[in-house]
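Q: The structure under discussion is supplied below as structure tokens; questions concerning it will follow.
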Amino acid sequence: MIQIKSFAFNPYQENTYILHDDTLECVIIDPGMYSGEEQNAFLKYIAENNLKPVLLLNTHCHIDHVLGNKFIYDTYGLFPQFHKGEEMVLNSIVSYAPQMGIRYEVSPLPQVYLSESGIVKFGESELELIFSPGHSPAHLCFFNKEENFLIGGDVLFYRSIGRTDLPGGNYDQLIRNIREKLFILPDETRVYPGHGPATSIGFEKQFNPFLS
């Protein structure tokens, strides 16, 4: 049984996720911790549950989803893993973060890049890669088939979708990927997005105004 813990971190209230199974190995997805208080809350959860971080994954590399990459690297020695197509997005942060008044500690680059499909493993668990650009150029979602949940990043939200007005965004591409890659998942699949509350594939098929 995979346990999913979420934190809403940084000024953007970005959802950072920790997933672990019975082995206590855990994967950290989109670390957005920014303040010392947020870092401490994260560390407390890891320590209290005796977790062993083994993977750092980014769905994509907008600033709010990578603010904690350097912290995770410094703490656990984990390099981020994301699709190569997001590297230019990550590298652009140093130029715009100061204009936004955001303190950005530069993320290390991956030693291993993720592909458009395949599996990542931690403990006794697996996450399937689903390539879903549109919000960003090479966005990935992470799907667990056994327990029917999706860590969806900024693709599909509760009654909404990811914005497409940032560099590399494409509205038509995003809608197409949601319909062709996410809406083929079981209706009961829980969706844990990059912002806001969890939802389900079935609910969004019926009630999402962008997709009805």
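Residues are named by chain letter and number: chains run A, B, ... in the order of the structure tokens, numbers start at 1 in each chain, and ligands are numbered from 1 in the order shown.
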Find the nearest atom pair between each residue of stretch 125-178 of chain A and stretch 111-117 of chain A for residues within 9 Å, count only C-alpha atoms, give distances in Å to one decimal, sort rows by chain and ascending number, and present the table as a Markdown table.

A:
```
| residue | atom | partner | partner_atom | distance |
| --- | --- | --- | --- | --- |
| A:Glu128 | CA | A:Ser117 | CA | 7.2 |
| A:Leu129 | CA | A:Ser117 | CA | 4.9 |
| A:Ile130 | CA | A:Ser117 | CA | 6.0 |
| A:Phe131 | CA | A:Glu116 | CA | 5.0 |
| A:Ser132 | CA | A:Glu116 | CA | 8.6 |
| A:Ala138 | CA | A:Glu116 | CA | 8.3 |
| A:Leu140 | CA | A:Glu116 | CA | 7.5 |
```

Q: Kindly export the residues of the current selection with all heavy atoms, as an mmCIF file, in the first residue's frame.

A:
```
data_model
loop_
_atom_site.group_PDB
_atom_site.id
_atom_site.type_symbol
_atom_site.label_atom_id
_atom_site.label_comp_id
_atom_site.auth_asym_id
_atom_site.auth_seq_id
_atom_site.Cartn_x
_atom_site.Cartn_y
_atom_site.Cartn_z
ATOM 1 N N GLU A 128 4.341 4.634 -13.609
ATOM 2 C CA GLU A 128 4.422 4.677 -15.072
ATOM 3 C C GLU A 128 4.504 6.114 -15.548
ATOM 4 O O GLU A 128 3.784 6.994 -15.059
ATOM 5 C CB GLU A 128 3.184 4.000 -15.658
ATOM 6 C CG GLU A 128 3.110 4.048 -17.179
ATOM 7 C CD GLU A 128 1.797 3.508 -17.707
ATOM 8 O OE1 GLU A 128 1.099 2.784 -16.967
ATOM 9 O OE2 GLU A 128 1.460 3.819 -18.868
ATOM 10 N N LEU A 129 5.395 6.379 -16.498
ATOM 11 C CA LEU A 129 5.551 7.719 -17.049
ATOM 12 C C LEU A 129 4.509 7.963 -18.130
ATOM 13 O O LEU A 129 4.315 7.128 -19.015
ATOM 14 C CB LEU A 129 6.952 7.888 -17.653
ATOM 15 C CG LEU A 129 8.144 7.547 -16.757
ATOM 16 C CD1 LEU A 129 9.448 7.739 -17.527
ATOM 17 C CD2 LEU A 129 8.141 8.398 -15.501
ATOM 18 N N ILE A 130 3.848 9.112 -18.042
ATOM 19 C CA ILE A 130 2.899 9.534 -19.078
ATOM 20 C C ILE A 130 3.331 10.919 -19.566
ATOM 21 O O ILE A 130 3.283 11.898 -18.814
ATOM 22 C CB ILE A 130 1.454 9.576 -18.545
ATOM 23 C CG1 ILE A 130 1.023 8.189 -18.052
ATOM 24 C CG2 ILE A 130 0.507 10.077 -19.634
ATOM 25 C CD1 ILE A 130 -0.377 8.162 -17.443
ATOM 26 N N PHE A 131 3.764 10.988 -20.818
ATOM 27 C CA PHE A 131 4.261 12.230 -21.406
ATOM 28 C C PHE A 131 3.081 13.107 -21.786
ATOM 29 O O PHE A 131 2.231 12.712 -22.588
ATOM 30 C CB PHE A 131 5.111 11.893 -22.638
ATOM 31 C CG PHE A 131 5.853 13.052 -23.219
ATOM 32 C CD1 PHE A 131 6.807 13.734 -22.479
ATOM 33 C CD2 PHE A 131 5.620 13.456 -24.521
ATOM 34 C CE1 PHE A 131 7.516 14.794 -23.026
ATOM 35 C CE2 PHE A 131 6.317 14.513 -25.082
ATOM 36 C CZ PHE A 131 7.271 15.186 -24.321
ATOM 37 N N SER A 132 3.004 14.292 -21.198
ATOM 38 C CA SER A 132 1.799 15.109 -21.349
ATOM 39 C C SER A 132 2.122 16.597 -21.437
ATOM 40 O O SER A 132 1.711 17.384 -20.590
ATOM 41 C CB SER A 132 0.847 14.853 -20.179
ATOM 42 O OG SER A 132 1.556 14.916 -18.946
ATOM 43 N N ALA A 138 7.770 19.496 -21.886
ATOM 44 C CA ALA A 138 8.028 18.052 -21.765
ATOM 45 C C ALA A 138 7.517 17.527 -20.423
ATOM 46 O O ALA A 138 8.196 16.776 -19.732
ATOM 47 C CB ALA A 138 9.510 17.758 -21.941
ATOM 48 N N LEU A 140 5.712 15.492 -17.530
ATOM 49 C CA LEU A 140 5.417 14.094 -17.268
ATOM 50 C C LEU A 140 4.428 13.969 -16.116
ATOM 51 O O LEU A 140 4.484 14.747 -15.154
ATOM 52 C CB LEU A 140 6.691 13.321 -16.892
ATOM 53 C CG LEU A 140 7.680 13.028 -18.018
ATOM 54 C CD1 LEU A 140 9.011 12.564 -17.435
ATOM 55 C CD2 LEU A 140 7.124 11.974 -18.970
#
```

Q: Which residues of stretch 103-160 of chain A come within 12 Å of stretch 3-11 of chain A, and what is each one's closest atom pair and distance in Å (one decimal), counting only C-alpha atoms, sorted by chain and residue number, as a tab-separated table?

A:
```
residue	atom	partner	partner_atom	distance
A:Arg103	CA	A:Asn10	CA	10.8
A:Tyr104	CA	A:Asn10	CA	11.5
A:Ser125	CA	A:Gln3	CA	11.1
A:Asn144	CA	A:Ile4	CA	11.7
A:Glu147	CA	A:Gln3	CA	10.4
A:Phe149	CA	A:Ile4	CA	9.9
A:Leu150	CA	A:Ile4	CA	10.9
A:Ile151	CA	A:Ile4	CA	9.9
```

Q: Taking the chain letters and numbering used in this document, name the residues of chain A that DSSP puts in alpha helix (DSSP H), as a PyMOL selection string.

A: chain A and resi 36-48+63-66+69-76+87-91+93-96+171-177+201-207

Q: Which is closest to A:Ile29 among A:Ile201, A:Leu185, A:Leu57, A:Ala97, if we use only C-alpha atoms?

A: A:Leu57

Q: For the interface of stretch 33-134 of chain A with stretch 192-195 of chain A (cut-off 12 Å, counting only C-alpha atoms), please tabulate each contacting residue of stretch 33-134 of chain A alongside its nearest pair of atoms and their separation in Å to one decimal, rows sorted by chain and increasing number, as a Markdown table.

A:
```
| residue | atom | partner | partner_atom | distance |
| --- | --- | --- | --- | --- |
| A:Asn58 | CA | A:Gly194 | CA | 10.7 |
| A:Thr59 | CA | A:Gly194 | CA | 8.9 |
| A:His60 | CA | A:Gly194 | CA | 10.1 |
| A:Cys61 | CA | A:Gly194 | CA | 11.8 |
| A:His62 | CA | A:Gly194 | CA | 11.0 |
| A:Asp64 | CA | A:Gly194 | CA | 9.4 |
| A:His65 | CA | A:Gly194 | CA | 8.0 |
| A:Val66 | CA | A:Gly194 | CA | 11.7 |
```

Q: Kindly indicate which residue among A:His20, A:Lys52, A:Arg179, A:Arg190 lies nearest to A:Ile161, using only C-alpha atoms for the distances.

A: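 Nearest candidate to A:Ile161 out of A:His20, A:Lys52, A:Arg179, A:Arg190: A:Arg179.
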
Q: One decimal, in Å: what's the spacing between atom CA of A:Leu67 and atom CA of A:Cys141?

A: 18.8 Å

Q: Can you pull out the residues contacting stretch 105-108 of chain A? Cut-off 7 Å, using only C-alpha atoms, and skip same-chain residues under 5 positions away; I want them as a PDB file with N, CA and C atoms, in the first residue's frame.

A:
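Output file out_24.pdb is given in full below:
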```pdb
ATOM      1  N   ASN A  69      14.573  21.623  -5.009  1.00  0.00           N
ATOM      2  CA  ASN A  69      15.495  20.636  -5.582  1.00  0.00           C
ATOM      3  C   ASN A  69      16.872  20.684  -4.926  1.00  0.00           C
ATOM      4  N   LYS A  70      17.407  21.889  -4.768  1.00  0.00           N
ATOM      5  CA  LYS A  70      18.744  22.035  -4.173  1.00  0.00           C
ATOM      6  C   LYS A  70      18.727  21.580  -2.717  1.00  0.00           C
ATOM      7  N   PHE A  79      19.869  13.638  -7.027  1.00  0.00           N
ATOM      8  CA  PHE A  79      19.750  14.502  -8.190  1.00  0.00           C
ATOM      9  C   PHE A  79      18.317  14.419  -8.716  1.00  0.00           C
TER      10      PHE A  79
END
```

Q: Using only C-alpha atoms for the distances, tell me which of A:Tyr158, A:Gln99, A:Gly169, A:Gly85 is nearest to A:Gln206.

A: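 Under the stated criterion, the closest residue is A:Tyr158.
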
Q: Check the DSSP output for the backbone and give back, as a PyMOL selection string, the residues of stretch 21-146 of chain A in strand (DSSP E).

A: chain A and resi 25-29+52-57+80-81+119-122+125-131+140-144

Q: For the residues selected in the previous step, produce a file with C-alpha atoms as an mmCIF file, in the first residue's frame.

A:
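Generated file (part-v6.cif):
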```
data_model
loop_
_atom_site.group_PDB
_atom_site.id
_atom_site.type_symbol
_atom_site.label_atom_id
_atom_site.label_comp_id
_atom_site.auth_asym_id
_atom_site.auth_seq_id
_atom_site.Cartn_x
_atom_site.Cartn_y
_atom_site.Cartn_z
ATOM 1 C CA GLU A 25 11.683 3.818 0.638
ATOM 2 C CA CYS A 26 10.136 7.037 -0.634
ATOM 3 C CA VAL A 27 10.032 9.191 -3.719
ATOM 4 C CA ILE A 28 9.836 12.982 -3.527
ATOM 5 C CA ILE A 29 7.920 14.647 -6.349
ATOM 6 C CA LYS A 52 14.454 6.647 3.191
ATOM 7 C CA PRO A 53 14.334 9.037 0.215
ATOM 8 C CA VAL A 54 15.591 7.256 -2.902
ATOM 9 C CA LEU A 55 14.189 9.287 -5.820
ATOM 10 C CA LEU A 56 13.611 12.959 -6.640
ATOM 11 C CA LEU A 57 11.225 13.482 -9.557
ATOM 12 C CA PRO A 80 16.429 15.444 -9.808
ATOM 13 C CA GLN A 81 15.054 13.349 -12.634
ATOM 14 C CA ILE A 119 8.666 2.887 -15.393
ATOM 15 C CA VAL A 120 10.408 4.313 -12.341
ATOM 16 C CA LYS A 121 10.680 2.134 -9.254
ATOM 17 C CA PHE A 122 11.029 2.681 -5.536
ATOM 18 C CA SER A 125 6.324 0.019 -6.162
ATOM 19 C CA GLU A 126 6.262 1.381 -9.693
ATOM 20 C CA LEU A 127 5.200 4.607 -11.366
ATOM 21 C CA GLU A 128 4.422 4.677 -15.072
ATOM 22 C CA LEU A 129 5.551 7.719 -17.049
ATOM 23 C CA ILE A 130 2.899 9.534 -19.078
ATOM 24 C CA PHE A 131 4.261 12.230 -21.406
ATOM 25 C CA LEU A 140 5.417 14.094 -17.268
ATOM 26 C CA CYS A 141 2.701 12.574 -15.087
ATOM 27 C CA PHE A 142 3.304 9.556 -12.845
ATOM 28 C CA PHE A 143 0.661 6.810 -12.758
ATOM 29 C CA ASN A 144 0.391 3.872 -10.381
#
```

Q: From the set A:Glu188, A:Asn40, A:Lys205, A:Asp30, which residue has the shortest atom-to-atom contact distance to A:His139, counting only C-alpha atoms?

A: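 Among the listed residues, A:Asp30 lies closest to A:His139.
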